[in-house]
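Structure file input-v6.cif with mmCIF, C-alpha atoms:
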data_run
#
loop_
_atom_site.label_atom_id
_atom_site.label_comp_id
_atom_site.auth_asym_id
_atom_site.auth_seq_id
_atom_site.Cartn_x
_atom_site.Cartn_y
_atom_site.Cartn_z
CA MET A 1233 124.87 95.69 69.10
CA THR A 1234 125.32 92.17 70.47
CA PHE A 1235 123.23 89.88 72.66
CA GLU A 1236 125.88 90.06 75.39
CA TYR A 1237 123.45 90.93 78.21
CA GLU A 1238 120.83 88.44 77.06
CA GLN A 1239 123.46 85.68 76.79
CA GLU A 1240 124.86 86.53 80.21
CA ALA A 1241 121.38 86.09 81.71
CA ARG A 1242 120.89 82.79 79.89
CA ALA A 1243 124.29 81.60 81.11
CA GLY A 1244 123.01 82.35 84.60
CA GLY A 1245 120.22 79.84 84.09
CA PHE A 1246 117.41 82.09 82.81
CA SER A 1247 115.60 80.94 79.68
CA SER A 1248 113.18 83.74 78.83
CA VAL A 1249 114.89 87.15 78.88
CA CYS A 1250 112.90 90.30 78.05
CA GLY A 1251 114.10 93.81 77.33
CA VAL A 1252 112.07 96.65 78.88
CA ASP A 1253 112.01 100.38 78.10
CA GLU A 1254 109.69 103.35 78.41
CA ALA A 1255 108.70 106.39 76.36
CA GLY A 1256 107.18 109.64 77.52
CA ARG A 1257 108.49 110.33 80.99
CA GLY A 1258 109.17 113.99 80.23
CA PRO A 1259 106.06 115.34 78.44
CA LEU A 1260 103.46 117.60 80.01
CA ALA A 1261 100.54 115.58 78.64
CA GLY A 1262 99.43 112.05 77.88
CA PRO A 1263 100.43 108.66 79.30
CA VAL A 1264 103.86 107.14 79.83
CA PHE A 1265 104.27 103.99 77.73
CA ALA A 1266 106.44 100.91 78.30
CA ALA A 1267 107.15 97.82 76.26
CA ALA A 1268 108.64 94.41 77.00
CA VAL A 1269 110.14 92.28 74.22
CA ILE A 1270 111.57 88.76 74.11
CA LEU A 1271 113.66 88.26 70.97
CA PRO A 1272 114.76 84.81 69.78
CA ASP A 1273 118.43 84.18 70.53
CA GLY A 1274 120.65 85.77 67.86
CA CYS A 1275 117.68 87.42 66.11
CA GLU A 1276 119.01 89.88 63.51
CA ILE A 1277 117.02 93.08 62.96
CA GLU A 1278 118.88 95.51 60.74
CA GLY A 1279 118.94 99.11 61.94
CA LEU A 1280 117.87 98.29 65.50
CA ASN A 1281 118.96 101.15 67.80
CA ASP A 1282 117.83 103.47 70.56
CA SER A 1283 114.49 104.85 69.30
CA LYS A 1284 115.65 108.44 69.95
CA LYS A 1285 118.43 108.02 67.37
CA LEU A 1286 116.05 106.89 64.60
CA SER A 1287 113.74 108.86 62.34
CA GLU A 1288 110.01 108.46 62.84
CA LYS A 1289 109.74 106.68 59.48
CA LYS A 1290 112.50 104.20 60.46
CA ARG A 1291 110.87 103.55 63.84
CA GLU A 1292 107.54 102.81 62.13
CA GLN A 1293 109.26 100.31 59.79
CA LEU A 1294 111.11 98.61 62.64
CA PHE A 1295 107.93 98.43 64.73
CA ASP A 1296 106.36 95.95 62.28
CA ILE A 1297 109.59 93.91 61.94
CA ILE A 1298 110.00 93.65 65.73
CA ILE A 1299 106.39 92.48 66.18
CA GLU A 1300 106.88 89.90 63.44
CA LYS A 1301 110.21 88.54 64.75
CA ALA A 1302 109.72 88.75 68.51
CA GLU A 1303 109.04 85.59 70.45
CA ALA A 1304 106.71 87.73 72.58
CA TYR A 1305 106.04 91.43 73.06
CA SER A 1306 103.72 93.55 75.17
CA ILE A 1307 102.98 97.29 75.23
CA ALA A 1308 101.37 99.01 78.22
CA SER A 1309 100.90 102.48 79.69
CA ALA A 1310 100.02 104.48 82.78
CA ASP A 1311 97.82 107.50 82.13
CA GLU A 1312 98.15 111.11 83.21
CA LYS A 1313 95.80 110.58 86.20
CA GLU A 1314 98.00 107.76 87.49
CA ILE A 1315 101.10 109.92 86.89
CA ASP A 1316 99.55 112.74 88.98
CA GLU A 1317 98.48 110.30 91.68
CA ILE A 1318 101.66 108.27 92.23
CA ASN A 1319 104.38 110.40 90.48
CA ILE A 1320 106.10 109.83 87.15
CA LEU A 1321 108.73 107.35 88.36
CA GLN A 1322 106.15 105.07 90.01
CA ALA A 1323 103.83 105.41 86.99
CA THR A 1324 106.73 104.42 84.71
CA PHE A 1325 107.37 101.36 86.90
CA LEU A 1326 103.64 100.55 86.76
CA ALA A 1327 103.65 100.69 82.94
CA MET A 1328 106.76 98.46 82.86
CA LYS A 1329 105.14 95.95 85.24
CA ARG A 1330 102.00 95.87 83.07
CA ALA A 1331 104.12 95.33 79.95
CA VAL A 1332 106.10 92.44 81.47
CA GLU A 1333 102.96 90.82 82.89
CA GLY A 1334 101.26 91.14 79.48
CA LEU A 1335 103.84 88.97 77.65
CA SER A 1336 102.24 85.91 76.02
CA THR A 1337 105.40 83.95 76.89
CA PRO A 1338 106.25 84.72 80.53
CA ALA A 1339 109.73 86.18 81.06
CA ASP A 1340 111.93 84.92 83.90
CA PHE A 1341 114.48 87.77 83.68
CA ALA A 1342 114.24 91.44 82.64
CA LEU A 1343 116.88 93.77 81.21
CA VAL A 1344 115.68 97.31 81.94
CA ASP A 1345 117.01 100.50 80.38
CA GLY A 1346 118.44 103.03 82.85
CA ASN A 1347 119.58 102.77 86.46
CA ARG A 1348 116.29 102.46 88.36
CA THR A 1349 114.93 99.00 89.15
CA PRO A 1350 111.16 98.58 88.71
CA PRO A 1351 109.50 96.20 91.18
CA LEU A 1352 108.82 93.29 88.81
CA ASN A 1353 108.06 89.76 89.94
CA ILE A 1354 111.21 88.47 88.23
CA PRO A 1355 114.94 89.29 88.60
CA VAL A 1356 115.99 92.58 86.96
CA LYS A 1357 119.28 93.88 85.63
CA THR A 1358 119.39 97.61 84.81
CA VAL A 1359 121.55 98.65 81.89
CA ILE A 1360 122.56 102.30 81.48
CA LYS A 1361 122.17 103.29 77.81
CA GLY A 1362 120.65 99.83 77.39
CA ASP A 1363 118.72 100.93 74.31
CA SER A 1364 122.06 101.27 72.51
CA LEU A 1365 123.61 98.10 74.01
CA SER A 1366 120.93 95.41 74.15
CA PRO A 1367 118.80 94.40 71.14
CA SER A 1368 115.90 93.42 73.43
CA ILE A 1369 115.89 96.82 75.15
CA ALA A 1370 116.29 98.65 71.80
CA ALA A 1371 113.28 96.73 70.45
CA ALA A 1372 111.24 97.64 73.54
CA SER A 1373 112.32 101.27 73.18
CA ILE A 1374 110.97 101.38 69.59
CA LEU A 1375 107.65 99.70 70.45
CA ALA A 1376 107.08 102.07 73.39
CA LYS A 1377 108.01 105.21 71.42
CA VAL A 1378 105.95 104.38 68.31
CA SER A 1379 102.93 103.39 70.41
CA ARG A 1380 103.10 106.62 72.40
CA ASP A 1381 103.50 108.77 69.27
CA ARG A 1382 100.46 107.08 67.69
CA PHE A 1383 98.48 107.73 70.87
CA MET A 1384 99.47 111.43 70.75
CA TYR A 1385 98.29 111.65 67.12
CA ASP A 1386 94.90 110.35 68.33
CA LEU A 1387 94.87 112.97 71.10
CA ALA A 1388 95.66 115.64 68.49
CA ARG A 1389 92.41 114.76 66.72
CA GLU A 1390 90.53 114.89 70.02
CA TYR A 1391 92.13 118.17 71.18
CA PRO A 1392 93.21 119.89 67.93
CA GLN A 1393 93.88 123.22 69.66
CA TYR A 1394 96.96 121.80 71.47
CA ALA A 1395 98.85 120.55 68.36
CA PHE A 1396 99.85 117.31 70.10
CA ASP A 1397 100.84 115.88 66.71
CA GLN A 1398 103.62 118.47 66.50
CA HIS A 1399 105.23 118.29 69.95
CA LYS A 1400 103.87 114.92 71.27
CA GLY A 1401 103.10 116.60 74.60
CA TYR A 1402 106.66 117.76 75.33
CA GLY A 1403 107.18 121.20 76.86
CA THR A 1404 108.03 123.11 73.70
CA LYS A 1405 107.55 126.86 73.32
CA LEU A 1406 104.49 126.20 71.12
CA HIS A 1407 102.96 123.84 73.66
CA TYR A 1408 103.36 126.32 76.53
CA GLU A 1409 101.84 129.07 74.35
CA LEU A 1410 98.81 126.86 73.58
CA ILE A 1411 98.35 125.97 77.29
CA GLU A 1412 98.50 129.70 78.05
CA LYS A 1413 95.82 130.34 75.41
CA TYR A 1414 93.46 127.39 76.00
CA GLY A 1415 94.17 126.37 79.58
CA ILE A 1416 94.86 122.84 80.79
CA SER A 1417 93.11 119.91 79.10
CA PRO A 1418 91.93 116.68 80.79
CA VAL A 1419 94.98 114.88 79.33
CA HIS A 1420 97.59 117.23 80.79
CA ARG A 1421 99.70 116.10 83.76
CA ARG A 1422 98.65 118.55 86.42
CA THR A 1423 101.66 117.83 88.65
CA PHE A 1424 103.92 118.89 85.76
CA LEU A 1425 102.08 122.20 85.43
CA LYS A 1426 101.84 123.35 89.06
CA LYS A 1427 103.36 126.75 88.30
CA ILE A 1428 100.72 127.45 85.64
CA ILE A 1429 97.85 126.07 87.76
CA ASN A 1430 98.91 127.96 90.87
CA GLY A 1431 100.29 130.97 89.00
#
Turn this file's structure into structure tokens for me.
Amino acid sequence: MTFEYEQEARAGGFSSVCGVDEAGRGPLAGPVFAAAVILPDGCEIEGLNDSKKLSEKKREQLFDIIIEKAEAYSIASADEKEIDEINILQATFLAMKRAVEGLSTPADFALVDGNRTPPLNIPVKTVIKGDSLSPSIAAASILAKVSRDRFMYDLAREYPQYAFDQHKGYGTKLHYELIEKYGISPVHRRTFLKKIING
């Protein structure tokens, strides 16, 4: 993975380029998380990759390295109530905006994973499969994923009957069985469970 996209932005006159990615768009419960990361030019982090391709243990290790080496990083979220209110895409954009605005060093350009452009106050370039192509996006992907997983472990202690530590809120067979048994919790995304609510 090279800094091709970051260097291209710098060649275009931008000096502070952040990578942005999200975690948790698909689950039935909990917030959607986003992270923004500015890495120093040419920063080498061994094993950096799309968070989905890494083991949980490897992600946890990389999380600490990224935080240590990043010029600036910020992690933010939009909760299940916001997701139900404005829809998952807009809530994802909101989390991304919060992450970018939370950077201790302001970014003047954002590389965003995917093909949808969040309304940030700086220029944006979307990169399909960006978490496998751009180190800044890959770093953001890991920070967002680890932060969300940790949050779901906390929810598992709060709502032990839903086994959030096992499925992280995704719509697994076990999760649907537990919703069937215990009903919908305050941290479930009601708009994702309309069939069950109205059924």
Box for range 1399-1405 of chain A - axis-aligned, 4 Å on each of the six sides, all listed atoms - centre and size in Å to one decimal, as AutoDock Vina command-line options.
--center_x 105.6 --center_y 120.9 --center_z 73.4 --size_x 12.9 --size_y 19.9 --size_z 14.9
Using only C-alpha atoms, tabulate the residues of range 1279-1381 of chain A lying at most 12 Å from any atom of range 1389-1400 of chain A, each with its closest atom pair and that distance in Å to one decimal, by chain and increasing residue number, as JSON lines.
{"residue": "A:Lys1377", "atom": "CA", "partner": "A:Lys1400", "partner_atom": "CA", "distance": 10.6}
{"residue": "A:Val1378", "atom": "CA", "partner": "A:Lys1400", "partner_atom": "CA", "distance": 11.1}
{"residue": "A:Ser1379", "atom": "CA", "partner": "A:Lys1400", "partner_atom": "CA", "distance": 11.6}
{"residue": "A:Arg1380", "atom": "CA", "partner": "A:Lys1400", "partner_atom": "CA", "distance": 8.4}
{"residue": "A:Asp1381", "atom": "CA", "partner": "A:Lys1400", "partner_atom": "CA", "distance": 6.5}
Just how far from CA of Tyr1402 in chain A is CA of Gly1258 in chain A, in Å to one decimal?
->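 Computing it gives 6.7 Å between the two atoms.
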Applying 7 Å and all atoms listed in the file, which residues near Val1359 in chain A remain after dropping the ones on its own chain fewer than 2 positions away? List them as a CSV table (one decimal) with C-alpha atoms, in the coordinates of the input.
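Result file selection_36.csv:
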chain,number,residue,atom,x,y,z
A,1343,LEU,CA,116.9,93.8,81.2
A,1344,VAL,CA,115.7,97.3,81.9
A,1345,ASP,CA,117.0,100.5,80.4
A,1346,GLY,CA,118.4,103.0,82.8
A,1347,ASN,CA,119.6,102.8,86.5
A,1357,LYS,CA,119.3,93.9,85.6
A,1361,LYS,CA,122.2,103.3,77.8
A,1362,GLY,CA,120.6,99.8,77.4
Kindly provide the residues of range 1315-1399 of chain A that approach range 1290-1301 of chain A to within 7 Å, each paired with its closest atom pair and their distance in Å to one decimal, based on only C-alpha atoms, listed by chain and increasing number, as CSV.
residue,atom,partner,partner_atom,distance
A:Ala1371,CA,A:Ile1298,CA,6.5
A:Ile1374,CA,A:Arg1291,CA,6.1
A:Leu1375,CA,A:Phe1295,CA,5.9
A:Val1378,CA,A:Glu1292,CA,6.6
Please write as a list of chain:residue names the full residue list that the PyMOL selection byres ((chain A and resi 1317-1321) around 10) yields on this file.
-> A:Gly1256, A:Arg1257, A:Gly1258, A:Pro1263, A:Val1264, A:Ala1310, A:Asp1311, A:Glu1312, A:Lys1313, A:Glu1314, A:Ile1315, A:Asp1316, A:Gln1322, A:Ala1323, A:Thr1324, A:Phe1325, A:Leu1326, A:Ala1327, A:Arg1348, A:Pro1350, A:Arg1421, A:Arg1422, A:Thr1423, A:Phe1424
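Distance annotation: of A:Glu1236, A:Glu1412, A:Asp1253, A:Asp1386, the residue with the minimal separation from Asp1273 in chain A is A:Glu1236; atom set is only C-alpha atoms.
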Work out how far CA of Tyr1237 in chain A is from CA of Asp1363 in chain A, in Å to one decimal.
->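 Taking CA of Asp1363 in chain A and CA of Tyr1237 in chain A, their separation equals 11.7 Å.
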Give the answer as one residue: which of A:Ala1261, A:Ser1247, A:Thr1234, A:Asp1282 has the shortest atom-to-atom distance to His1420 in chain A, using all atoms listed in the file?
->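 Counting all atoms listed in the file, the residue closest to His1420 in chain A is A:Ala1261.
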Residue neighbourhood Ala1339 in chain A, 9 Å, all atoms listed in the file, exclusion window fewer than 5 positions, as a list in words =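 Using all atoms listed in the file, the neighbours found are Phe1246, Ser1247, Ser1248, Val1249, Cys1250, Ile1270, Val1332, Glu1333 and Ile1354 of chain A.
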Could you please determine the separation between CA of Gly1401 in chain A and CA of Ile1416 in chain A in Å, to one decimal place?
->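 Result for CA of Gly1401 in chain A versus CA of Ile1416 in chain A: 12.0 Å, one decimal.
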Mind completing range 1238-1252 of chain A with N, CA and C atoms? Output as a PDB file, in the frame of the given file, please?
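Ended up saving to result.pdb:
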ATOM      1  N   GLU A1238     121.791  89.539  77.127  1.00  0.00           N
ATOM      2  CA  GLU A1238     120.830  88.440  77.060  1.00  0.00           C
ATOM      3  C   GLU A1238     121.536  87.095  77.305  1.00  0.00           C
ATOM      4  N   GLN A1239     122.707  86.927  76.654  1.00  0.00           N
ATOM      5  CA  GLN A1239     123.460  85.680  76.790  1.00  0.00           C
ATOM      6  C   GLN A1239     123.982  85.477  78.209  1.00  0.00           C
ATOM      7  N   GLU A1240     124.378  86.577  78.820  1.00  0.00           N
ATOM      8  CA  GLU A1240     124.860  86.530  80.210  1.00  0.00           C
ATOM      9  C   GLU A1240     123.741  86.024  81.136  1.00  0.00           C
ATOM     10  N   ALA A1241     122.527  86.528  80.897  1.00  0.00           N
ATOM     11  CA  ALA A1241     121.380  86.090  81.710  1.00  0.00           C
ATOM     12  C   ALA A1241     121.083  84.615  81.472  1.00  0.00           C
ATOM     13  N   ARG A1242     121.156  84.211  80.211  1.00  0.00           N
ATOM     14  CA  ARG A1242     120.890  82.790  79.890  1.00  0.00           C
ATOM     15  C   ARG A1242     121.963  81.888  80.509  1.00  0.00           C
ATOM     16  N   ALA A1243     123.198  82.370  80.493  1.00  0.00           N
ATOM     17  CA  ALA A1243     124.290  81.600  81.110  1.00  0.00           C
ATOM     18  C   ALA A1243     124.061  81.445  82.606  1.00  0.00           C
ATOM     19  N   GLY A1244     123.330  82.397  83.166  1.00  0.00           N
ATOM     20  CA  GLY A1244     123.010  82.350  84.600  1.00  0.00           C
ATOM     21  C   GLY A1244     121.813  81.457  84.904  1.00  0.00           C
ATOM     22  N   GLY A1245     121.304  80.796  83.871  1.00  0.00           N
ATOM     23  CA  GLY A1245     120.220  79.840  84.090  1.00  0.00           C
ATOM     24  C   GLY A1245     118.827  80.333  83.740  1.00  0.00           C
ATOM     25  N   PHE A1246     118.732  81.570  83.191  1.00  0.00           N
ATOM     26  CA  PHE A1246     117.410  82.090  82.810  1.00  0.00           C
ATOM     27  C   PHE A1246     117.140  81.742  81.348  1.00  0.00           C
ATOM     28  N   SER A1247     115.886  81.403  81.047  1.00  0.00           N
ATOM     29  CA  SER A1247     115.600  80.940  79.680  1.00  0.00           C
ATOM     30  C   SER A1247     114.792  81.931  78.863  1.00  0.00           C
ATOM     31  N   SER A1248     114.079  82.831  79.544  1.00  0.00           N
ATOM     32  CA  SER A1248     113.180  83.740  78.830  1.00  0.00           C
ATOM     33  C   SER A1248     113.481  85.185  79.259  1.00  0.00           C
ATOM     34  N   VAL A1249     114.371  85.825  78.500  1.00  0.00           N
ATOM     35  CA  VAL A1249     114.890  87.150  78.880  1.00  0.00           C
ATOM     36  C   VAL A1249     114.175  88.238  78.071  1.00  0.00           C
ATOM     37  N   CYS A1250     113.562  89.191  78.771  1.00  0.00           N
ATOM     38  CA  CYS A1250     112.900  90.300  78.050  1.00  0.00           C
ATOM     39  C   CYS A1250     113.661  91.599  78.236  1.00  0.00           C
ATOM     40  N   GLY A1251     113.588  92.445  77.237  1.00  0.00           N
ATOM     41  CA  GLY A1251     114.100  93.810  77.330  1.00  0.00           C
ATOM     42  C   GLY A1251     112.928  94.728  77.639  1.00  0.00           C
ATOM     43  N   VAL A1252     113.152  95.735  78.469  1.00  0.00           N
ATOM     44  CA  VAL A1252     112.070  96.650  78.880  1.00  0.00           C
ATOM     45  C   VAL A1252     112.544  98.096  78.754  1.00  0.00           C
TER      46      VAL A1252
END
